[in-house]
Structures are given as C-alpha cells and as structure tokens.
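The next block is work_29.tsv, given as TSV, C-alpha atoms.
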chain	number	residue	atom	x	y	z
A	688	MET	CA	80.09	105.28	91.60
A	689	SER	CA	79.14	103.12	88.64
A	690	LYS	CA	81.72	100.87	86.97
A	691	GLU	CA	81.36	102.80	83.68
A	692	ARG	CA	81.91	106.14	85.40
A	693	ALA	CA	84.96	104.79	87.25
A	694	GLU	CA	86.43	103.61	83.93
A	695	ARG	CA	85.77	107.01	82.31
A	696	GLU	CA	87.53	108.79	85.14
A	697	ALA	CA	90.43	106.32	85.35
A	698	VAL	CA	92.27	107.89	82.42
A	699	PRO	CA	91.83	111.66	82.21
A	700	GLY	CA	91.25	112.83	78.66
A	701	ALA	CA	90.58	109.33	77.32
A	702	VAL	CA	87.71	109.02	74.90
A	703	PRO	CA	85.94	105.69	74.29
A	704	VAL	CA	86.12	104.57	70.68
A	705	THR	CA	84.76	101.61	68.78
A	706	PRO	CA	87.41	99.57	67.02
A	707	GLY	CA	86.85	99.07	63.35
A	708	THR	CA	88.43	96.90	60.73
A	709	SER	CA	91.94	97.41	59.42
A	710	ARG	CA	92.41	100.55	57.37
A	711	SER	CA	95.06	101.67	54.96
A	712	ALA	CA	97.80	104.00	56.15
A	713	ALA	CA	96.53	106.55	53.63
A	714	ASP	CA	93.08	106.64	55.28
A	715	PRO	CA	93.32	105.79	59.00
A	716	GLY	CA	89.86	107.21	59.78
A	717	ALA	CA	88.91	109.86	62.30
A	718	PRO	CA	91.44	111.10	64.90
A	719	VAL	CA	90.67	110.19	68.51
A	720	ALA	CA	93.52	112.08	70.21
A	721	GLN	CA	96.08	114.72	69.33
A	722	GLN	CA	99.02	116.19	71.21
A	723	GLY	CA	101.41	118.54	69.45
A	724	ASP	CA	102.62	116.91	66.22
A	725	VAL	CA	101.15	113.50	67.15
A	726	THR	CA	97.70	112.31	66.05
A	727	VAL	CA	96.18	108.97	67.06
A	728	PHE	CA	93.34	107.33	65.14
A	729	SER	CA	90.64	104.78	66.00
A	730	PRO	CA	92.03	101.32	66.65
A	731	ALA	CA	91.25	98.29	64.51
A	732	THR	CA	90.64	94.86	66.05
A	733	THR	CA	92.35	91.80	64.66
A	734	GLY	CA	91.71	88.70	66.76
A	735	ASN	CA	93.04	89.42	70.26
A	736	GLU	CA	94.96	92.56	69.20
A	737	LEU	CA	94.17	96.24	68.79
A	738	THR	CA	96.16	98.15	66.20
A	739	VAL	CA	96.30	101.92	66.74
A	740	PRO	CA	97.41	104.11	63.80
A	741	VAL	CA	99.73	106.96	64.84
A	742	HIS	CA	100.77	109.85	62.58
A	743	ILE	CA	103.54	112.28	63.44
A	744	THR	CA	103.79	115.43	61.32
A	745	ASN	CA	106.83	117.61	61.97
A	746	LYS	CA	105.48	121.17	61.93
A	747	SER	CA	108.82	122.75	62.83
A	748	ASN	CA	111.68	123.87	60.59
A	749	LYS	CA	114.19	121.42	62.15
A	750	ARG	CA	114.60	117.65	61.98
A	751	LEU	CA	113.22	116.09	65.18
A	752	PHE	CA	113.33	112.81	67.10
A	753	TYR	CA	109.96	111.96	68.67
A	754	GLN	CA	109.11	109.81	71.68
A	755	VAL	CA	105.46	108.82	72.03
A	756	GLU	CA	103.55	106.71	74.58
A	757	ILE	CA	99.99	105.57	73.87
A	758	ARG	CA	97.73	103.91	76.44
A	759	VAL	CA	94.67	101.78	75.70
A	760	THR	CA	92.28	100.86	78.51
A	761	GLY	CA	88.93	99.16	78.67
A	762	PRO	CA	86.48	97.11	80.70
A	763	GLY	CA	87.71	93.91	82.29
A	764	GLY	CA	91.07	95.37	83.30
A	765	PHE	CA	92.59	95.84	79.83
A	766	ASP	CA	95.32	98.43	80.39
A	767	VAL	CA	98.30	98.48	78.03
A	768	THR	CA	100.83	101.21	77.25
A	769	ARG	CA	103.12	101.06	74.21
A	770	SER	CA	105.84	103.45	73.15
A	771	MET	CA	107.73	104.31	69.99
A	772	GLU	CA	110.64	106.50	68.94
A	773	THR	CA	111.72	107.96	65.62
A	774	ASP	CA	115.39	107.89	66.59
A	775	THR	CA	116.72	106.15	63.46
A	776	VAL	CA	116.71	109.21	61.19
A	777	GLY	CA	114.19	111.48	62.84
A	778	VAL	CA	111.42	113.30	61.02
A	779	TYR	CA	112.37	116.02	58.56
A	780	PRO	CA	110.61	119.43	58.61
A	781	GLY	CA	107.17	119.19	57.01
A	782	ALA	CA	107.40	115.39	56.73
A	783	SER	CA	105.06	112.79	58.21
A	784	TRP	CA	105.84	109.53	59.97
A	785	PRO	CA	102.83	107.17	59.89
A	786	THR	CA	103.09	104.03	62.01
A	787	GLU	CA	100.97	101.63	64.04
A	788	LEU	CA	101.22	100.32	67.58
A	789	THR	CA	99.77	96.90	68.46
A	790	PHE	CA	98.16	96.32	71.86
A	791	THR	CA	97.61	92.96	73.55
A	792	ASP	CA	97.33	92.26	77.25
A	793	SER	CA	100.10	90.04	78.65
A	794	GLU	CA	97.65	88.64	81.20
A	795	GLY	CA	95.21	87.58	78.48
A	796	LYS	CA	92.56	90.19	79.21
A	797	PRO	CA	90.09	90.40	76.30
A	798	VAL	CA	90.32	93.20	73.75
A	799	PRO	CA	87.70	95.77	74.80
A	800	GLU	CA	84.76	96.57	72.54
A	801	SER	CA	84.98	100.27	73.47
A	802	PRO	CA	88.63	100.96	74.26
A	803	ARG	CA	89.88	104.30	75.50
A	804	VAL	CA	92.92	105.60	73.66
A	805	THR	CA	95.14	108.23	75.29
A	806	ILE	CA	98.41	109.90	74.37
A	807	VAL	CA	100.34	109.58	77.63
A	808	LYS	CA	103.48	111.32	76.44
A	809	SER	CA	104.62	113.10	73.30
A	810	SER	CA	108.00	114.78	73.13
A	811	ALA	CA	110.32	115.99	70.38
A	812	LYS	CA	114.06	116.63	70.45
A	813	VAL	CA	116.04	118.63	67.88
A	814	ILE	CA	118.68	116.62	66.03
A	815	GLY	CA	122.19	118.00	66.01

Written form, structure tokens:
Amino acid sequence: MSKERAEREAVPGAVPVTPGTSRSAADPGAPVAQQGDVTVFSPATTGNELTVPVHITNKSNKRLFYQVEIRVTGPGGFDVTRSMETDTVGVYPGASWPTELTFTDSEGKPVPESPRVTIVKSSAKVIG
C-alpha cells in the first residue's frame, strides 16, 4: 500500500485540503466537513500553526450547549485533535457561534501542505 493511500485511509471521512491565508470570520471560505449543526472550513496556515474556522448554527428551537472535536492529520506524522465547548451561555435557537481552533504539533512535526480535517465528535445538549 502506498504511503498516500495509507494516509487517506487512516482517518475515515477525512478530505485533504490546501491551507490558505487567514480569512475573515464573515467569509471563512468553502466548507470541508459538516456534522449536524457544525461546519468546518479550510484551514489557514500561519507560521507553524493551522487555524481551522468552525461555525455552529443552532437549528433547533431550544438553547443548546455544543461539544466539538476536530482532528487534523497530514504527512510526516502530524496528528492533532482539538476540542471546544459552548458551555458559557450556549447557543440560542437560530443563532450562530463562529470560532477558530488552532493546531500545532507538540512534537514539532511540520504543518502539512495538504492537511486532512475531520469532525471527530459533535454533540449538543439542551440547556435547562
């Protein structure tokens, strides 16, 4: 099995993307993954970091707390998972919660040119 094929199969559902330059929160670019109310956009590279825009849009009629885990993998062993929660006030019905997660490898692995971005987990809990 080729190295590229092994990397493609290492994370089911992951799609390789090319990092771009930083974007505004109003225009994060094209989505690369979606799960329920969570949408993830193409990462931007800044030095030795990848910044992944994440938008949560509450499509229910109740205020929700969200827990999200995003994984970024790439050649050379780059494999980092970050998580976030909206537990401060939650997300009101029909509202959006745009944020970003920053990925660096603690072992100093280089930022991949074609990272694979995957939503590992996305869950919502009703408040109250």

Name all residues at most 8 Å from Pro799 in chain A (count only C-alpha atoms; drop same-chain ones fewer than 4 positions away) and give them as number ranges by chain. A: 760-763, 765

Closest to Arg803 in chain A among A:Pro718, A:Pro785, A:Gly815, A:Pro730, using all atoms listed in the file?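 Among A:Pro718, A:Pro785, A:Gly815, A:Pro730, it is A:Pro730 that comes nearest to Arg803 in chain A.
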
May I have the centre and edge lengths, in Å to one decimal, of an axis-aligned box around the listed atoms of range 737-751 of chain A with 4 Å added to every side, as AutoDock Vina command-line options?
--center_x 104.4 --center_y 110.1 --center_z 64.7 --size_x 28.4 --size_y 35.6 --size_z 16.2

Enter the distance from CA of Ser783 in chain A to CA of Gly734 in chain A, in Å, rounded to one decimal. 28.8 Å

Report the distance between CA of Asn748 in chain A and CA of Pro780 in chain A in Å, rounded to one decimal place.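 According to the coordinates, CA of Asn748 in chain A and CA of Pro780 in chain A are separated by 5.0 Å.
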
State, in Å with one decimal place, the distance from CA of Val813 in chain A to CA of Asn745 in chain A.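 Straight-line distance from CA of Val813 in chain A to CA of Asn745 in chain A works out to 11.0 Å.
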
Contact residues around Ile806 in chain A with only C-alpha atoms at 8 Å, ignoring same-chain residues under 6 positions, as number ranges by chain: A: 720-722, 727, 755-758

Of the candidates A:Glu787, A:Glu772, A:Asp792, A:Asp724, which one gets nearest to Val759 in chain A if we count only C-alpha atoms?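 Ranking A:Glu787, A:Glu772, A:Asp792, A:Asp724 by distance to Val759 in chain A, first place goes to A:Asp792.
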
Near His742 in chain A, counting all atoms listed in the file, which residues have an atom at most 6 Å away, once you skip same-chain residues fewer than 5 positions from it, shown as a PDB file with C-alpha atoms, in the frame of the given file?
ATOM      1  CA  VAL A 725     101.150 113.500  67.150  1.00  0.00           C
ATOM      2  CA  THR A 726      97.700 112.310  66.050  1.00  0.00           C
ATOM      3  CA  TRP A 784     105.840 109.530  59.970  1.00  0.00           C
ATOM      4  CA  PRO A 785     102.830 107.170  59.890  1.00  0.00           C
TER       5      PRO A 785
END

What would range 761-794 of chain A look like with N, CA and C atoms in place, written as a compact mmCIF listing (two decimals), in the frame of the given file?
# COMPACT_ATOMS: atom_id res chain seq x y z
N GLY A 761 90.30 99.58 78.93
CA GLY A 761 88.93 99.16 78.67
C GLY A 761 88.40 98.29 79.79
N PRO A 762 87.12 97.95 79.68
CA PRO A 762 86.48 97.11 80.70
C PRO A 762 87.22 95.78 80.86
N GLY A 763 87.09 95.20 82.03
CA GLY A 763 87.71 93.91 82.29
C GLY A 763 89.18 94.00 82.64
N GLY A 764 89.69 95.21 82.87
CA GLY A 764 91.07 95.37 83.30
C GLY A 764 92.09 95.51 82.18
N PHE A 765 91.65 95.64 80.93
CA PHE A 765 92.59 95.84 79.83
C PHE A 765 93.26 97.19 80.02
N ASP A 766 94.58 97.20 80.15
CA ASP A 766 95.32 98.43 80.39
C ASP A 766 96.74 98.22 79.88
N VAL A 767 97.01 98.72 78.67
CA VAL A 767 98.30 98.48 78.03
C VAL A 767 98.86 99.80 77.51
N THR A 768 100.14 100.03 77.76
CA THR A 768 100.83 101.21 77.25
C THR A 768 101.96 100.74 76.34
N ARG A 769 102.06 101.36 75.17
CA ARG A 769 103.12 101.06 74.21
C ARG A 769 103.83 102.37 73.88
N SER A 770 105.10 102.26 73.52
CA SER A 770 105.84 103.45 73.15
C SER A 770 106.58 103.24 71.84
N MET A 771 106.97 104.34 71.23
CA MET A 771 107.73 104.31 69.99
C MET A 771 108.63 105.52 69.93
N GLU A 772 109.71 105.39 69.15
CA GLU A 772 110.64 106.50 68.94
C GLU A 772 110.98 106.58 67.46
N THR A 773 111.30 107.77 67.01
CA THR A 773 111.72 107.96 65.62
C THR A 773 113.22 108.24 65.57
N ASP A 774 113.98 107.56 66.42
CA ASP A 774 115.39 107.89 66.59
C ASP A 774 116.31 107.40 65.48
N THR A 775 115.85 106.64 64.52
CA THR A 775 116.72 106.15 63.46
C THR A 775 117.23 107.31 62.61
N VAL A 776 116.32 108.05 62.01
CA VAL A 776 116.71 109.21 61.19
C VAL A 776 115.97 110.47 61.61
N GLY A 777 115.00 110.33 62.46
CA GLY A 777 114.19 111.48 62.84
C GLY A 777 113.18 111.80 61.76
N VAL A 778 112.45 112.87 61.97
CA VAL A 778 111.42 113.30 61.02
C VAL A 778 111.83 114.67 60.50
N TYR A 779 111.94 114.77 59.19
CA TYR A 779 112.37 116.02 58.56
C TYR A 779 111.26 117.07 58.63
N PRO A 780 111.61 118.37 58.57
CA PRO A 780 110.61 119.43 58.61
C PRO A 780 109.54 119.23 57.53
N GLY A 781 108.29 119.33 57.94
CA GLY A 781 107.17 119.19 57.01
C GLY A 781 106.84 117.77 56.63
N ALA A 782 107.63 116.79 57.08
CA ALA A 782 107.40 115.39 56.73
C ALA A 782 106.49 114.71 57.75
N SER A 783 105.91 113.59 57.33
CA SER A 783 105.06 112.79 58.21
C SER A 783 105.69 111.44 58.47
N TRP A 784 105.36 110.85 59.60
CA TRP A 784 105.84 109.53 59.97
C TRP A 784 104.62 108.72 60.41
N PRO A 785 103.96 108.01 59.49
CA PRO A 785 102.83 107.17 59.89
C PRO A 785 103.33 105.82 60.41
N THR A 786 102.72 105.33 61.45
CA THR A 786 103.09 104.03 62.01
C THR A 786 101.87 103.45 62.72
N GLU A 787 102.02 102.27 63.27
CA GLU A 787 100.97 101.63 64.04
C GLU A 787 101.58 101.02 65.29
N LEU A 788 100.82 101.02 66.36
CA LEU A 788 101.22 100.32 67.58
C LEU A 788 100.19 99.22 67.83
N THR A 789 100.66 98.04 68.22
CA THR A 789 99.77 96.90 68.46
C THR A 789 99.67 96.67 69.96
N PHE A 790 98.44 96.48 70.43
CA PHE A 790 98.16 96.32 71.86
C PHE A 790 97.53 94.96 72.13
N THR A 791 98.17 94.20 73.00
CA THR A 791 97.61 92.96 73.55
C THR A 791 97.92 92.97 75.03
N ASP A 792 97.11 92.30 75.81
CA ASP A 792 97.33 92.26 77.25
C ASP A 792 98.12 91.01 77.61
N SER A 793 99.24 91.18 78.29
CA SER A 793 100.10 90.04 78.65
C SER A 793 99.41 89.06 79.58
N GLU A 794 98.38 89.52 80.28
CA GLU A 794 97.65 88.64 81.20
C GLU A 794 96.44 88.01 80.53
